[in-house]
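Colleague: Mind having a look at this structure? Questions to follow.
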Amino acid sequence: MLTLLRKLRRLRTDLALPAPSRGRSLAVRHVDAGSCNGCEHELTLAMSPYEDVQRYGFGIVASPRHADVLLVTGTVTTRMREPLLAAYNAMPEPRRVIALGDCALARGVLAADTEIVGPVEAVLPVDLRIPGCPPSPPTITQALIELHDAGTGAHTTKR
Amino acid sequence: MTYRDRITSALDDGYRFAALYAIADRVRVVLVAPDGTLRLEDVAAEDGRVPAIVDLAPAAAWDEREAADLYGLRFDGHEPLRPLVAHDLDLKAWTVPVHGDDAYQVAVGPIHAGVIESGHFRFHVVGDKILHLDARLFYKHRGLERAAEGRTLAEGRAYVQRACAACAVSNSVAYAHACEEILALEPSAELARVRTILLEFERAWSHLNDIAAVCAGAGLAAGNTFFAALTERARRLNERLTGHRFLFDSVQIGGSALSLDAQAVAAAREELASIATDSKSGWREILFNSSFQDRLPDIGVVTADDARALGAVGPAARASGIADDARSYSTRLAYDGFAPVAPRRVAGDVQARLEQRAVELLQTFEVLDDLLDRPIAPAEAVAGGESATVGLGLVESPRGATLCAVEHADNRIARVHLRTGSYANWPVVAHAAAGNLLPDFPLINKSFELCYACADR
């Protein structure tokens with residue numbers, strides 16, 4: 001086990017990722033509203049040593065109750081509309097919504113019209129749109145930084 | 001011979017069930033022989049009813065339920081025919097009744113506690129012990145198969161690819177093979193080689209990801225982080241070679257546009273050798289971590305008989321002792337002399353499924369090293385066989401044999417059906433969970449590491 005930890009420490013030194021210039025903190029709740037699993041795989045690797053999104057104080061949390069941000073992937077299917085709304089309504093205010101990936105933004109969606117509601121903004125107020133099919137780990141990090149640094153103006157509407 | 005007799009006779013001859021789907025008022029069944037020969041059977045519905053075959057091939061259970069939900073067919077003899085894709089129904093309609101002292105239900109999902117796809121698990125438990133699991137998927141059902149109908153064969157590829165990013169190449173190659181059968185085309189040796197390389201690149205990152213996932217499931221953060229780093233390197237290599245981290249759009253019908261010069265393939269080989277070395281050393285480390293290893297054996301057990309009956313495929317089936325791998329009989333791909341590998345302890349448990357991936361990963365690195373010995377040039381399919389209205393393609397995805405059936409009429413797609421390794425294995429996950437402790441379920445689930453997207457479509 002020590003060997004593994006030493007290797008990880010060496011990788012961290014070799015990569016020499018820049019330290020953030022200021023303190024930040026965002027608790028992110030992810031909801032898959034009907035993705036192809038590509039955005040999930042990239043979001044997972046935003047936490048790999050090559051990107052290490054946690055160094056900015058950003059992390060994925062296990063409950064909407066703990067979240068500042070709802071990060072939604074995929075086109076919203078008819079079956080995921082209610083669970084998505086439930087997750088949003090369970091969040092404390094202020095809260096923000098990110099639509100991650102082309103499907104969440106209604107770009108080039110392939111689906112039967114009867115099975116989907118539409119893009120995330122058809123269901124929730126969206127604060128930040130991140131295009132890409134799928135967006136890469138560095139793109140995801142940059143978007144979270146942008147959202148964090150954009151300041152106040154959070155939504156308070158119940159849906 | 002009646003429909004049921006034909007299915008019985010095929011199963012007696014050693015064929016296994018590979019897919020069942022509805023088109024208009026007919027039902028088609030695809031079976032695969034141990035040598036990879038595909039056989040198509042069909043039956044016409046009478047007043048919307050067809051005989052069930054679920055008693056002959058339990059693996060057809062989900063397929064019949066799906067055809068009932070999406071095409072309104074009834075399957076005589078499939079009782080009770082519980083809804084699968086259809087939601088908005090009473091709990092009683094889609095769950096198996098479980099009675100007894102202290103039995104209660106635990107509902108998990110569709111939204112899970114991490115970065116995980118959406119799906120619902122209804123556990124019937126006593127205390128921490130799982131008596132039965134009803135998996136309710138299809139929250140991500142996008143109607144991709146119906147949306148592809150009426151498109152050209154070339155347009156259809158995008159729908160199949162979009163079914164799942166993690167299996168984009170496998171699904172696309174299965175679709176391309178089916179289309180090429182319709183168009184009386186066969187891959188040239190170079191086209192077969194390029195597609196085999198792409199399939200193995202997909203397997204490399206998938207297996208690295210899946211080993212990381214099992215580490216995460218057991219709370220071994222260092223193992224998870226180490227294999228996540230290797231997954232990132234594999235995905236960067238995908239992008240360097242094809243321009244996309246998930247190899248999107250690298251598979252086309254009738255040819256391949258990919259071109260890599262000697263320098264590019266040599267660099268790819270070098271990076272793969274380095275990833276292989278690091279993954280071996282990481283594997284050694286987690287192998288000697290006793291508290292991690294202690295979590296793995298004897299949970300989520302699937303016996304060989306159960307795996308065969310339920311139609312398990314891929315690493316999960318091989319870890320249970322079923323030596324079936326579509327790569328050993330894929331005549332349209334470049335897997336000459338391929339033989340499936342097995343873990344040291346073929347126990348059908350979490351440990352065996354994890355080790356199965358580790359040994360397959362080494363094999364994948366070897367296959368890629370062999371195939372990347374020369375530059376890659378654009379390639380074309382060549383004329384071969386007779387044109388047909390129905391085409392079938394069977395490809396070994398990282399999660400198991402994936403079948404794609406395409407039906408063609410008036411130069412348009414009349415029906416496309418994708419039955420992925422994940423679809424085949426989801427009922428096996430539910431079976432494997434029973435009898436185990438609820439806190440072990442995430443680990444059992446991750447030892448299969450199935451996609452929701454390509455089951456839901």
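The chains in the structure tokens are called A, B, ... from first to last as shown; in each chain the residues are counted from 1, and the ligands are counted from 1 in the order shown.
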Would you please extract all strand (DSSP E) residues from range 88-152 of chain A, as assigned by DSSP on the backbone, and give them as a tab-separated table (two decimals) with C-alpha atoms, in the first residue's frame?
Modeller:
chain	number	residue	atom	x	y	z
A	96	ARG	CA	-27.55	27.13	-8.55
A	97	VAL	CA	-28.10	24.85	-11.51
A	98	ILE	CA	-25.53	23.80	-14.09
A	99	ALA	CA	-26.58	22.07	-17.31
A	100	LEU	CA	-23.61	19.93	-18.29
A	116	ILE	CA	-38.18	13.44	-23.39
A	117	VAL	CA	-39.26	16.69	-21.77
A	118	GLY	CA	-36.45	18.75	-23.29
A	128	LEU	CA	-24.57	27.98	-16.25
A	129	ARG	CA	-24.44	26.02	-19.50
A	130	ILE	CA	-21.44	23.85	-20.29
Colleague: Up to 9 Å from chain B, what residues of chain A turn up? Count only C-alpha atoms and give them as JSON, numbers by chain.
Modeller: {"A": [1, 2, 3, 4, 5, 7, 8, 29, 30, 31, 32, 33, 34, 35, 36, 37, 38, 39, 40, 41, 43, 44, 45, 47, 48, 49, 50, 60, 61, 62, 63, 74, 75, 76, 77, 78, 79, 80, 83, 84, 87, 110, 111, 112, 113, 114, 115, 116, 134, 136]}
Colleague: Report as a CSV table (one decimal) with C-alpha atoms, in the first residue's frame all protein, DNA and RNA residues lying within 7 Å of Tyr104 in chain B, evaluated on only C-alpha atoms, omitting residues in the same chain fewer than 3 positions from it.
Modeller:
chain,number,residue,atom,x,y,z
B,124,HIS,CA,-36.7,-6.6,0.0
B,125,VAL,CA,-34.8,-7.2,3.2
B,126,VAL,CA,-34.8,-8.6,6.7
Colleague: Fewer than 3 positions away in the same chain doesn't count, so skip those; otherwise give me all residues within 7 Å of Leu105 in chain A, counting only C-alpha atoms, as a VMD selection string.
Modeller: chain A and resid 99 101 to 102 119 to 120
Colleague: Under the rule that only C-alpha atoms are counted, which of A:Ala150, A:Ala46, A:Val69, A:Cys103 is the nearest residue to Val28 in chain A?
Modeller: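 Of all the options, A:Val69 lies closest to Val28 in chain A.
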Colleague: Go through range 38-131 of chain A and collect every residue that DSSP, computed from the backbone, puts in alpha helix (DSSP H); the answer should be as a list in words.
Modeller: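 Restricting range 38-131 of chain A to alpha helix (DSSP H) produces Gly38, Cys39, Glu40, His41, Glu42, Leu43, Thr44, Leu45, Arg81, Glu82, Pro83, Leu84, Leu85, Ala86, Ala87, Tyr88 and Asn89 of chain A.
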Colleague: Near Met1 in chain B, counting only C-alpha atoms, which residues have an atom at most 12 Å away, once you skip same-chain residues fewer than 2 positions from it, shown as a ChimeraX atom specification?
Modeller: /B:3-10,41-43
